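> Can you keep this structure in mind? I'll have questions shortly.
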Amino acid sequence: MDSSQKGALMSNESAKDLSVMELQQYKSNQSKLSSTPEETCNQSRCLICMGSNSCQTVHSRTKLMNTLIGRGKPQEAQAIFNNLAEEGHRPTLITYTTLVAALTRLKRFKSIPLLLSKVAENGMKPDSILFNAMINAFSDSGKVDEAMKIFQKMKECGCKPTTSTFNTLIKGFGVARRPYEALKLLEMMAQDDNVKPNERTYNILIQAWCTKKKLEEAWNVMRKMVASGLQPDVVTYNTLARAYAQNGETDKAERLILKMKYNKLSPNERTCGIIISGYCKEGNMTEALRFLYKMKDLGVHPNPVVFNSLIKGYLDTTDTNGVEEALTLMEEFGIKPDVVTFSTIMNAWSSAGLMDNCEEIFNDMVKAGIEPDIHAYSILAKGYVRAGQPGKAEALLSSMRKYGLQPNVVIFTTIISGWCATGKMDRAVRLHEKMHEMGTPSNLKTFETLIWGYGEAKQPWKAEELLVTMEEKGVAPETSTMQLVADAWRAIGFLEEANRILNGSEEESDELDKDFDSNKIPVQNLDRIKQKLGASQSNLLQIPEVLVTHPERTTNGNIRSQMIVKACDTMRNATISMVFVRANWLNFTSDDAKTVFAALAISLAFRTFVAEPRYIPSLSMYPTFDVGDRIVAEKVSYYFRKPCANDIVIFKSPPVLQEVGYTDDDVFIKRVVAKAGDIVEVRKGHLVVNGVERNEKFIFEPPSYEMKPTRVPENYVFVMGDNRNNSYDSHVWGPLPAKNIIGRSVFRYWPPNRIAGTVSKEGCARKTLTPSLKLLVPPSLSLSVVRLASLSGFRLAVAAPSVVGPRCCHVVASRGCRNFRTESPPSSHLAAARVFQASLKSSLNRN
């Protein structure tokens with residue numbers, strides 16, 4: 001990656017510094033940006049861009065595109081790209097990679113492969129990052145055939161696929177429910193000398209078969225994994241356990257623990273959570289409770305997720321005594337109910353249509369000092385809409401501001417669906433406008449909900465007009481969208497118009513992908529159609545898959561409500577007594593409040609500036625860290641020094657990862673292997689820094705890949721995981737900016753049997769002795785000695801002759817661990833040289 005590309009990268013933190021005026025300027029110009037890249041890329045007239053570099057305008061615009069994508073405005077990011085070409089600038093590879101992210105959000109997948117020809121027309125060669133971004137876009141959306149076409153072009157362009165590339169493709173076949181093709185990729189990897197399947201490769205394959213509910217094939221993949229020399233890890237068994245639990249065979253999932261122990265693996269919190277959740281979904285609460293106590297024997301401490309699963313299980317079976325028992329156990333284990341606990345109980349009341357009880361739990365949560373999150377408000381909004389009270393649901397928008405919560409598209413869409421269901425389309429449209437005023441963009445479900453509402457209101461022409469609005473907002477209609485519009489026409493008897501919509505949708509979809517901005521979906525003869533409308537038709541339309549159902553529709557929640565109503569008072573009293581009265585959370589005095597406030601302030605300051613705990617979620621640092629390990633990372637030392645080799649650091653995702661979907665909140669942990677100015681490479685299974693092979697006893701296995709020499713830039717470090725063949729680190733995405741480092745791992749405090757420090761003894765922070773080799777040689781021979789020693793890798797310093805006399809001088813060699821001293825007269829030049837050479841050889845043998 002060249003310097004111009006690095007300059008175009010930006011973290012979310014730096015994106016906040018962009019001026020509001022710049023954003024508003026692009027918003028005002030967006031309507032003018034109708035030219036496509038195909039029309040404008042050949043208009044490059046910027047003198048800087050016509051050279052080998054890209055100008056600062058391209059870099060800043062790329063950053064702005066990144067910001068807009070992060071804010072959910074990919075259509076504006078695409079408009080900025082078009083504007084760059086219109087103004088005569090040449091986008092960089094990073095700009096094109098950012099555009100891939102925007103097109104992926106807009107679901108304009110047919111436009112993505114066209115970018116490769118545009119890159120070539122601009123005199124650039126696509127790199128592996130651009131290809132991987134394209135492959136990832138198609139794979140995640142299930143369009144794996146298109147991903148394979150990109151993969152073939154990647155090989156044709158001379159870019160070597162990595163193990164990560166193959167893993168992405170295998171995952172794509174899994175999403176598309178085509179695991180047989182995924183197996184062919186595994187065979188392809190075996191034939192490629194540059195890549196080697198790792199644990200993640202096999203785990204993705206196992207997940208693909210589990211998704212198809214073919215567990216025998218999943219076990220066959222595990223056998224292949226073992227035959228290749230790799231051992232199943234906790235992730236492997238958790239994947240199988242989840243599949244058994246989803247198939248209603250949680251007892252088999254529990255028996256996997258014995259296999260894990262046989263392979264010297266310990267179940268973690270996720271393993272136990274899968275098993276307990278599985279028993280709860282089966283309604284087997286006795287087994288779920290039994291396994292909760294078994295967790296003590298396994299050395300796994302229950303977390304809030306486990307208890308929330310128990311509470312939900314008891315609520316689903318309308319067992320109020322069980323809910324009380326779960327809350328009691330939470331108290332015994334020292335775990336306080338969190339916002340998820342309250343939300344789970346709220347959701348039960350909301351689904352049952354008992355909004356008074358739901359409101360009471362919500363108020364109790366607030367009184368307990370637990371701030372509601374966006375999910376809690378979503379439950380309230382859904383409940384009000386189900387009860388036919390969209391006005392109360394809309395009033396929640398004002399309540400959310402008190403807690404600094406921004407309503408998301410889900411809540412807005414839920415409330416809009418409520419107004420549509422009650423036939424008040426004016427209120428729905430008004431809320432939709434308010435939604436955009438508050439900076440929340442509509443998604444496909446929002447528009448489909450409005451289209452459904454207009455269909456219910458017998459106004460299909462307005463439903464069709466929304467297709468134009470969708471295009472202006474950069475939301476691509478899908479087949480379901482066109483079907484809703486057609487159903488709206490069909491409901492009032494206009495079959496011809498319905499057929500027009502269905503027959504034209506495929507052509508319009510193809511045209512939409514050919515052009516980025518200029519497409520308009522035609523609305524034909526609306527005035528003529530409105531005049532033909534007669535009496536209201538009785539046909540009902542099919543509601544889209546929105547988050548709420550029609551208030552009059554019978555649901556499982558209505559059936560369950562009849563069961564829960566009988567135990568209404570018992571459950572409410574149990575909940576309140578167990579959570580609030582027994583815990584005495586509300587009996588605060590002013591002194592208590594001051595103490596709590598001071599403790600919170602000190603804790604926050606300590607976590608922000610001194611140290612913080614972290615959880616290890618993957619095996620990239622295995623065997624140093626295992627999944628589920630908990631560490632303490634200190635933040636003080638880097639205020640006084642730069643990161644050193646062998647420091648284990650936690651860091652925010654670098655800009656290059658944010659380009660492919662990671663955010664500034666994603667945190668990684670790796671080991672520093674080289675610092676600024678070092679030249680690092682991987683050859684023949686060894687890490688080589690500045691030409692010297694590193695002796696790394698802490699890595700899981702030697703790297704199976706090769707990496708060309710790379711110089712670490714200033715203010716950067718090179719980081720790698722100890723599990724070299726299963727780590728997404730600098731050998732894939734390049735050096736890490738030192739400013740992204742949060743802190744250094746110093747101590748592992750969980751699990752108890754592995755408590756230990758994590759600071760390497762080989763780190764550069766350790767004080768080392770400066771060995772030297774001191775010789776006395778004649779001044780006339782000193783330069784010859786320097787040349788001779790330099791061939792042996794010594795750094796020499798020659799003292800002035802007056803220091804020791806006229807007949808000899810000091811020569812100090814900064815290598816070796818002992819001092820040597822020899823004296824020789826001017827007549828014995830040859831003898832002195834031999835003595836010096838022998839001393840060098842002796843020193844080298846010792847070290």
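By order of appearance in the structure tokens: chains A, B, ..., then residues from 1 within every chain, and ligands from 1 in the order shown.
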Hey, what's within 9 Å of A:Ala245 if we count only C-alpha atoms and toss same-chain stuff fewer than 2 positions away? As a count of residues only, please?

18

> Go through A:Ile411, A:Phe342, A:Ile370, A:His375 one by one, measure the shortest atom-to-atom distance of each to A:Asn357 using only C-alpha atoms, and give the residue with the smallest value.

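Smallest distance to A:Asn357 is found for A:Phe342.
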
> What's around A:Thr162 at 8 Å? Count only C-alpha atoms, leave out sequence neighbours fewer than 4 positions away in its own chain, and write the answer as a ChimeraX atom specification.

/A:166,194-195

> Write the residues you've just listed into a file as an mmCIF file, in the first residue's frame, and include C-alpha atoms for each of them.


```cif
data_model
loop_
_atom_site.group_PDB
_atom_site.id
_atom_site.type_symbol
_atom_site.label_atom_id
_atom_site.label_comp_id
_atom_site.auth_asym_id
_atom_site.auth_seq_id
_atom_site.Cartn_x
_atom_site.Cartn_y
_atom_site.Cartn_z
ATOM 1 C CA PHE A 166 -10.747 -18.855 0.675
ATOM 2 C CA ASN A 194 0.654 -20.630 -1.106
ATOM 3 C CA VAL A 195 -2.333 -21.273 1.156
#
```

> When DSSP works through the backbone of this structure, what residues of stretch 378-510 of chain A end up as helix (DSSP H, G or I), shown as a ChimeraX atom specification?

/A:378-386,390-401,409-421,425-437,444-456,460-472,479-491,495-510

> Set the distance at 8 Å and use only C-alpha atoms: which residues neighbour stretch 223-238 of chain A once local chain neighbours fewer than 4 positions away are removed? I'd like the list as a PyMOL selection string.

chain A and resi 198-199+202-203+206+219+242+256+260+265-268+270-271+274+627

> Hey, which of A:Arg490, A:Thr440, A:Trp209, A:Ile755 ends up closest to A:Lys458? Count only C-alpha atoms.

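Among A:Arg490, A:Thr440, A:Trp209, A:Ile755, it is A:Arg490 that comes nearest to A:Lys458.
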
> Please indicate the distance in Å from atom CA of A:Thr344 to atom CA of A:Lys312, rounded to one decimal place.

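Going from atom CA of A:Thr344 over to atom CA of A:Lys312 covers 6.2 Å.
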
> Please measure the separation of atom CA of A:Arg108 and atom CA of A:Glu465, giving the value in Å to one decimal.

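Between atom CA of A:Arg108 and atom CA of A:Glu465 the gap is 20.9 Å.
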
> What lies within 12 Å of A:Gln152 using only C-alpha atoms, ignoring chain neighbours under 6 positions off, as a PyMOL selection string?

chain A and resi 113+131-132+135+145-146+158-161+165-166+169

> Just the residues within 8 Å of A:Lys708, please, counting only C-alpha atoms, with nothing from its chain fewer than 6 positions along; format it as a PDB file with all heavy atoms, in the first residue's frame.


```pdb
ATOM      1  N   GLU A 681      10.012  -9.660   7.663  1.00  0.00           N
ATOM      2  CA  GLU A 681       9.616 -10.596   6.609  1.00  0.00           C
ATOM      3  C   GLU A 681       9.381 -11.959   7.233  1.00  0.00           C
ATOM      4  O   GLU A 681       9.781 -12.232   8.375  1.00  0.00           O
ATOM      5  CB  GLU A 681      10.672 -10.684   5.515  1.00  0.00           C
ATOM      6  CG  GLU A 681      12.028 -11.176   5.999  1.00  0.00           C
ATOM      7  CD  GLU A 681      13.054 -11.253   4.875  1.00  0.00           C
ATOM      8  OE1 GLU A 681      12.713 -11.841   3.836  1.00  0.00           O
ATOM      9  OE2 GLU A 681      14.171 -10.729   5.055  1.00  0.00           O
ATOM     10  N   VAL A 682       8.698 -12.833   6.476  1.00  0.00           N
ATOM     11  CA  VAL A 682       8.485 -14.217   6.888  1.00  0.00           C
ATOM     12  C   VAL A 682       8.980 -15.105   5.763  1.00  0.00           C
ATOM     13  O   VAL A 682       8.518 -14.987   4.615  1.00  0.00           O
ATOM     14  CB  VAL A 682       6.998 -14.501   7.169  1.00  0.00           C
ATOM     15  CG1 VAL A 682       6.803 -15.976   7.500  1.00  0.00           C
ATOM     16  CG2 VAL A 682       6.479 -13.628   8.307  1.00  0.00           C
ATOM     17  N   ARG A 683       9.929 -15.986   6.085  1.00  0.00           N
ATOM     18  CA  ARG A 683      10.453 -16.896   5.074  1.00  0.00           C
ATOM     19  C   ARG A 683      10.789 -18.235   5.711  1.00  0.00           C
ATOM     20  O   ARG A 683      11.335 -18.295   6.812  1.00  0.00           O
ATOM     21  CB  ARG A 683      11.672 -16.308   4.359  1.00  0.00           C
ATOM     22  CG  ARG A 683      12.886 -16.042   5.223  1.00  0.00           C
ATOM     23  CD  ARG A 683      14.109 -15.709   4.372  1.00  0.00           C
ATOM     24  NE  ARG A 683      15.298 -15.521   5.170  1.00  0.00           N
ATOM     25  CZ  ARG A 683      15.856 -14.356   5.451  1.00  0.00           C
ATOM     26  NH1 ARG A 683      15.283 -13.253   4.986  1.00  0.00           N
ATOM     27  NH2 ARG A 683      16.949 -14.288   6.178  1.00  0.00           N
TER      28      ARG A 683
END
```

> Name the residues in contact with A:Tyr622 at a cut-off of 7 Å, using only C-alpha atoms, excluding same-chain residues fewer than 4 positions from it; report them as an NGL selection string.

:A and (626 or 700 or 722-723)

> Go ahead and compute the interatomic distance for atom CA of A:Lys652 and atom CA of A:Lys670, in Å to one decimal.

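A separation of 11.2 Å between them.
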
> So which bits of stretch 672-770 of chain A end up strand (DSSP E) when you DSSP the backbone, as a ChimeraX atom specification?

/A:672-674,679-683,686-689,692-693,707-711,716-720,736-737,741-750,756-757

> Those same residues, written as a short mmCIF file (atom, residue, chain, number, x, y, z; two decimals), in the first residue's frame with N, CA, C and O atoms?


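As a result, selection.cif now contains:
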```cif
data_model
loop_
_atom_site.label_atom_id
_atom_site.label_comp_id
_atom_site.auth_asym_id
_atom_site.auth_seq_id
_atom_site.Cartn_x
_atom_site.Cartn_y
_atom_site.Cartn_z
N VAL A 672 3.49 -7.20 19.32
CA VAL A 672 4.37 -6.36 18.51
C VAL A 672 5.61 -7.16 18.15
O VAL A 672 6.30 -7.68 19.04
N VAL A 673 5.90 -7.28 16.86
CA VAL A 673 7.09 -8.02 16.43
C VAL A 673 8.15 -7.11 15.82
O VAL A 673 9.30 -7.51 15.67
N ALA A 674 7.78 -5.89 15.44
CA ALA A 674 8.74 -4.96 14.86
C ALA A 674 8.23 -3.55 15.06
O ALA A 674 7.02 -3.30 15.12
N ILE A 679 12.81 -3.79 9.30
CA ILE A 679 12.41 -4.50 8.08
C ILE A 679 12.01 -5.91 8.49
O ILE A 679 12.82 -6.66 9.02
N VAL A 680 10.75 -6.25 8.27
CA VAL A 680 10.21 -7.52 8.75
C VAL A 680 9.78 -8.36 7.55
O VAL A 680 9.27 -7.85 6.56
N GLU A 681 10.01 -9.66 7.66
CA GLU A 681 9.62 -10.60 6.61
C GLU A 681 9.38 -11.96 7.23
O GLU A 681 9.78 -12.23 8.38
N VAL A 682 8.70 -12.83 6.48
CA VAL A 682 8.49 -14.22 6.89
C VAL A 682 8.98 -15.10 5.76
O VAL A 682 8.52 -14.99 4.62
N ARG A 683 9.93 -15.99 6.09
CA ARG A 683 10.45 -16.90 5.07
C ARG A 683 10.79 -18.23 5.71
O ARG A 683 11.34 -18.30 6.81
N HIS A 686 9.85 -18.84 9.38
CA HIS A 686 10.50 -18.05 10.43
C HIS A 686 10.19 -16.57 10.24
O HIS A 686 10.13 -16.08 9.11
N LEU A 687 10.03 -15.88 11.35
CA LEU A 687 9.93 -14.43 11.34
C LEU A 687 11.33 -13.84 11.34
O LEU A 687 12.16 -14.19 12.18
N VAL A 688 11.61 -12.98 10.39
CA VAL A 688 12.94 -12.38 10.23
C VAL A 688 12.79 -10.87 10.36
O VAL A 688 12.03 -10.24 9.61
N VAL A 689 13.51 -10.28 11.31
CA VAL A 689 13.48 -8.83 11.53
C VAL A 689 14.90 -8.30 11.38
O VAL A 689 15.82 -8.76 12.08
N VAL A 692 17.61 -10.91 10.90
CA VAL A 692 17.89 -11.86 11.97
C VAL A 692 16.62 -12.66 12.26
O VAL A 692 15.55 -12.08 12.49
N GLU A 693 16.73 -13.98 12.26
CA GLU A 693 15.59 -14.82 12.59
C GLU A 693 15.25 -14.72 14.07
O GLU A 693 16.14 -14.79 14.93
N MET A 707 6.15 -13.96 3.45
CA MET A 707 5.85 -12.53 3.37
C MET A 707 7.12 -11.80 2.94
O MET A 707 8.19 -11.98 3.53
N LYS A 708 6.98 -10.97 1.93
CA LYS A 708 8.13 -10.23 1.43
C LYS A 708 8.58 -9.18 2.44
O LYS A 708 7.80 -8.73 3.27
N PRO A 709 9.86 -8.77 2.38
CA PRO A 709 10.35 -7.76 3.32
C PRO A 709 9.52 -6.48 3.28
O PRO A 709 9.20 -5.97 2.20
N THR A 710 9.17 -6.00 4.43
CA THR A 710 8.36 -4.79 4.56
C THR A 710 8.99 -3.87 5.59
O THR A 710 9.28 -4.30 6.72
N ARG A 711 9.21 -2.63 5.24
CA ARG A 711 9.75 -1.66 6.19
C ARG A 711 8.60 -1.03 6.97
O ARG A 711 7.61 -0.59 6.39
N TYR A 716 4.54 3.70 13.29
CA TYR A 716 3.80 2.48 13.09
C TYR A 716 4.51 1.33 13.79
O TYR A 716 5.70 1.45 14.13
N VAL A 717 3.80 0.23 14.02
CA VAL A 717 4.40 -1.00 14.51
C VAL A 717 3.84 -2.15 13.67
O VAL A 717 2.83 -2.00 12.98
N PHE A 718 4.52 -3.29 13.74
CA PHE A 718 4.07 -4.47 13.01
C PHE A 718 3.63 -5.50 14.04
O PHE A 718 4.40 -5.86 14.93
N VAL A 719 2.36 -5.94 13.97
CA VAL A 719 1.80 -6.82 14.98
C VAL A 719 1.37 -8.14 14.34
O VAL A 719 0.93 -8.18 13.20
N MET A 720 1.53 -9.22 15.11
CA MET A 720 1.13 -10.55 14.65
C MET A 720 0.56 -11.33 15.82
O MET A 720 0.91 -11.07 16.99
N LEU A 736 0.51 -1.30 11.80
CA LEU A 736 -0.52 -0.69 12.64
C LEU A 736 -0.07 0.70 13.08
O LEU A 736 1.04 0.85 13.61
N PRO A 737 -0.91 1.73 12.91
CA PRO A 737 -0.57 3.05 13.45
C PRO A 737 -0.44 2.98 14.97
O PRO A 737 -1.32 2.46 15.66
N ILE A 741 -3.05 2.13 19.37
CA ILE A 741 -2.82 1.24 20.51
C ILE A 741 -3.47 1.82 21.76
O ILE A 741 -3.30 3.00 22.10
N ILE A 742 -4.25 0.98 22.44
CA ILE A 742 -4.95 1.39 23.67
C ILE A 742 -4.09 1.13 24.89
O ILE A 742 -4.00 1.96 25.80
N GLY A 743 -3.44 -0.02 24.93
CA GLY A 743 -2.64 -0.36 26.11
C GLY A 743 -1.90 -1.66 25.90
O GLY A 743 -1.90 -2.24 24.81
N ARG A 744 -1.24 -2.11 26.96
CA ARG A 744 -0.39 -3.29 26.93
C ARG A 744 -0.89 -4.31 27.93
O ARG A 744 -1.19 -3.98 29.09
N SER A 745 -1.02 -5.57 27.49
CA SER A 745 -1.44 -6.64 28.39
C SER A 745 -0.34 -6.93 29.40
O SER A 745 0.82 -7.15 29.03
N VAL A 746 -0.72 -6.94 30.70
CA VAL A 746 0.28 -7.17 31.75
C VAL A 746 -0.06 -8.35 32.66
O VAL A 746 0.80 -8.88 33.33
N PHE A 747 -1.36 -8.77 32.66
CA PHE A 747 -1.74 -9.77 33.66
C PHE A 747 -2.98 -10.52 33.18
O PHE A 747 -3.91 -9.92 32.65
N ARG A 748 -2.98 -11.84 33.32
CA ARG A 748 -4.17 -12.66 33.06
C ARG A 748 -4.74 -13.09 34.40
O ARG A 748 -4.06 -13.75 35.20
N TYR A 749 -6.01 -12.73 34.64
CA TYR A 749 -6.63 -13.04 35.92
C TYR A 749 -7.71 -14.11 35.83
O TYR A 749 -8.31 -14.49 36.86
N TRP A 750 -8.01 -14.59 34.61
CA TRP A 750 -9.00 -15.66 34.46
C TRP A 750 -8.60 -16.53 33.27
O TRP A 750 -8.15 -15.99 32.26
N ALA A 756 -1.42 -15.42 35.61
CA ALA A 756 0.01 -15.19 35.37
C ALA A 756 0.20 -13.81 34.74
O ALA A 756 -0.74 -13.22 34.21
N GLY A 757 1.42 -13.33 34.83
CA GLY A 757 1.77 -12.11 34.12
C GLY A 757 1.93 -12.38 32.64
O GLY A 757 2.23 -13.50 32.22
#
```
